[in-house]
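Novice: Take this structure first; my questions come after.
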There are 2 protein chains.
Amino acid sequence: MQRIAIDMDGVLADVYHQFFEMDEKDFGQRRPMEEVTGKPEREGFPNILQYVYRQGFFRTAPVMEDSRQIVEELNKKYDLYIVSAATEFPQSLPEKQAWLNEHFPFITWQQMVFCGSKQIIQANIMIDDHFRNLDHFKGETSLLYTQPHNVQTNEGRHKRVNNWKEIAGILL
Amino acid sequence: MQRIAIDMDGVLADVYHQFFEMDEKDFGQRRPMEEVTGKPEREGFPNILQYVYRQGFFRTAPVMEDSRQIVEELNKKYDLYIVSAATEFPQSLPEKQAWLNEHFPFITWQQMVFCGSKQIIQANIMIDDHFRNLDHFKGETSLLYTQPHNVQTNEGRHKRVNNWKEIAGILL
């Protein structure tokens with residue numbers, strides 16, 4: 001059975017929704033998408049490090065459209081793990097696990113990985129929105145999940161996917 | 001550079017110390033070592049599931065003798081990760097990270113992995129006290145760290161180490 005490693009932030013959890021909401025509260029108006037597109041997350045939102053440390057930031061993130069049903073299907077066909085680079089923000093760990101338990105209740109604790117570097121992860125398929133994770137991946141298939149920070153040219157290193165329906169089309 | 005994955009509980013953190021202390025408080029007398037030796041941890045200590053859920057259980061565990069200095073030396077020679085099966089007890093995650101930050105301050109957040117199953121971990125060397133982790137390990141060297149629950153015959157599947165000085169003798 002092929003093993004698949006699925007990222008959380010920017011793949012299952014819509015963290016940009018959180019960035020925009022908190023940024024609007026801090027600066028009094030909604031930042032236009034064009035202003036953050038093509039920039040690293042930390043450049044697009046000046047106060048981002050405060051946001052990710054706020055209680056509830058991860059716990060209340062919306063679920064990406066269609067991800068729940070498609071991950072449930074993938075979970076029947078693949079040896080599936082949720083792999084989140086989370087140890088940079090220790091307070092996020094219980095929030096992330098509670099979020100997974102609520103929205104993806106079919107994912108067991110055995111299938112969760114909260115790490116820093118993903119270089120230690122062994123899988124056949126990785127879905128992630130960050131080049132820093134995908135570029136070191138040794139497996140056969142790396143899918144780049146489109147997020148505003150990664151819209152720059154992909155140079156063919158990874159297969160780009162724009163939503164969960166496209167992932168289903170490739171993997172199911 | 002060879003990658004090494006080091007377990008926490010029963011390898012870096014002396015959880016049996018915690019089991020004996022809490023068990024003595026619950027039952028009024030110190031349980032003799034012979035009574036828990038050769039038994040799974042959950043059989044040796046009837047209330048163990050309560051202990052690991054108690055606040056501070058992981059945070060206050062003593063550090064295994066010599067481990068700090070030897071891990072610091074290993075960290076210079078190997079691509080080193082601390083890999084702890086921790087997601088079974090979500091409240092343990094911040095405690096474990098705080099414990100690592102206190103006792104092993106040279107370990108960065110990038111080097112920490114809190115997971116469930118360790119089958120997804122790719123490394124050359126694994127040090128662990130549980131057969132369930134070592135038996136699935138695909139790397140070249142698996143070291144079984146002696147703990148009361150694993151003293152039964154090893155059948156040569158893994159190299160047994162009884163303390164951190166023995167690990168240093170093999171890996172440094």
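Order determines the names: the first chain of the structure tokens is A, the second B, and so forth; residues in each chain are numbered 1 upward, and ligands are numbered 1 upward as they are shown.
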Would you give me, as a Markdown table, each residue of segment 25-74 of chain B having an atom within 7 Å of an atom of segment 94-116 of chain B, along with its shortest atom pair and that distance in Å to one decimal, using only C-alpha atoms and sorting by chain and residue number?

Specialist:
```
| residue | atom | partner | partner_atom | distance |
| --- | --- | --- | --- | --- |
| B:Phe58 | CA | B:Glu95 | CA | 6.0 |
| B:Arg59 | CA | B:Glu95 | CA | 4.9 |
| B:Arg68 | CA | B:Phe104 | CA | 6.4 |
```

Novice: Which residues are close to Asn162 of chain B, i.e. within 9 Å by only C-alpha atoms, leaving aside same-chain residues fewer than 5 positions away? Reply as a PyMOL selection string.

Specialist: chain B and resi 144-147+167

Novice: Please compute the atom CA of Asp66 of chain B-atom CA of Phe89 of chain B distance, one decimal, in Å.

Specialist: 27.0 Å

Novice: From the list A:Ile4, A:Leu49, A:Leu74, A:Met33, which residue is nearest chain B when using only C-alpha atoms?

Specialist: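 Ranking A:Ile4, A:Leu49, A:Leu74, A:Met33 by distance to chain B, first place goes to A:Ile4.
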
Novice: Phe57 of chain A: which residues within 12 Å, counting only C-alpha atoms, same-chain residues fewer than 4 positions away excluded, as a ChimeraX atom specification?

Specialist: /A:9,13-22,48-53,61-62,89,91-96,99

Novice: Keeping only C-alpha atoms, take the residues you just selected and write them out as a CSV table (one decimal), in the first residue's frame.

Specialist:
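Okay, this is what ended up in selection23.csv:
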```
chain,number,residue,atom,x,y,z
A,9,ASP,CA,-1.7,24.4,7.1
A,13,ALA,CA,-6.6,24.1,7.0
A,14,ASP,CA,-7.3,27.5,5.4
A,15,VAL,CA,-4.7,29.6,7.2
A,16,TYR,CA,-4.9,32.4,4.8
A,17,HIS,CA,-8.5,32.9,5.9
A,18,GLN,CA,-7.1,33.4,9.4
A,19,PHE,CA,-4.3,35.7,8.2
A,20,PHE,CA,-6.8,38.0,6.3
A,21,GLU,CA,-9.2,38.1,9.2
A,22,MET,CA,-6.6,39.0,11.8
A,48,ILE,CA,1.8,37.2,11.0
A,49,LEU,CA,4.1,35.9,13.8
A,50,GLN,CA,1.7,37.4,16.3
A,51,TYR,CA,-1.3,35.7,14.6
A,52,VAL,CA,0.1,32.2,14.7
A,53,TYR,CA,0.8,32.6,18.4
A,61,ALA,CA,-9.1,27.6,10.9
A,62,PRO,CA,-11.7,26.7,8.3
A,89,PHE,CA,4.9,26.9,17.5
A,91,GLN,CA,1.3,26.0,21.6
A,92,SER,CA,-0.2,24.9,18.3
A,93,LEU,CA,0.3,21.2,18.9
A,94,PRO,CA,-2.8,20.5,21.1
A,95,GLU,CA,-4.9,22.9,18.9
A,96,LYS,CA,-3.9,21.1,15.7
A,99,TRP,CA,-8.8,20.4,15.0
```

Novice: So the first atom is atom CA of Ala168 of chain A and the second is atom CA of Val36 of chain A; what is the distance between them in Å, to one decimal place?

Specialist: 27.9 Å

Novice: Tell me, in Å to one decimal, how far atom CA of Asn47 of chain A is from atom CA of Ile82 of chain A.

Specialist: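 Computing it gives 27.4 Å between the two atoms.
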
Novice: Skipping near chain neighbours, those fewer than 3 positions away, what residues fall within 9 Å of segment 149-157 of chain B using only C-alpha atoms, listed as a list in words?

Specialist: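 Neighbouring residues, sequence-local ones excluded: Val36, Thr37, Gly38, Lys39, Pro40, Glu41, Gly44, Asp129, His130, Phe131, Leu134, Asp135, Ser142, Leu144, Tyr145, Thr146 and Arg160 of chain B.
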
Novice: Residues of chain B classed as helix (DSSP H, G or I) by DSSP on the backbone are to be reported as a ChimeraX atom specification.

Specialist: /B:15-27,33-36,41-44,48-53,67-77,92-103,109-111,131-134,148-150,164-171

Novice: For chain B, which of A:Thr141, A:Asn163, A:Gln69, A:Ser117 is the closest residue, counting only C-alpha atoms?

Specialist: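 Answer, going by the shortest atom-to-atom distance: A:Ser117.
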
Novice: For a quick check of understanding, using only C-alpha atoms, which of B:Lys159, B:Arg132, B:Arg3, B:Lys165 has the smallest distance to Tyr78 of chain B?

Specialist: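 The answer is B:Arg3, which sits nearest to Tyr78 of chain B.
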
Novice: Taking into account only C-alpha atoms, which residue in the set A:His158, A:Lys25, A:Lys118, A:Arg30 is nearest to chain B?

Specialist: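 The answer is A:Lys118, which sits nearest to chain B.
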
Novice: Based on the backbone DSSP call, show me all residues of segment 23-132 of chain B assigned strand (DSSP E or B), as a PyMOL selection string.

Specialist: chain B and resi 63+79-85+112-115+121+125-128

Novice: Between A:Pro148, A:Gly139, A:Gly169, A:Pro90, single out the one closest to chain B, counting only C-alpha atoms.

Specialist: A:Pro90

Novice: At a cut-off of 6 Å, using only C-alpha atoms, what residues contact Gln122 of chain A? Leave out same-chain residues fewer than 6 positions from it and give the result as a list of chain:residue names.

Specialist: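 Listing them by chain and then by number gives B:Ile120, B:Ile121, B:Gln122.
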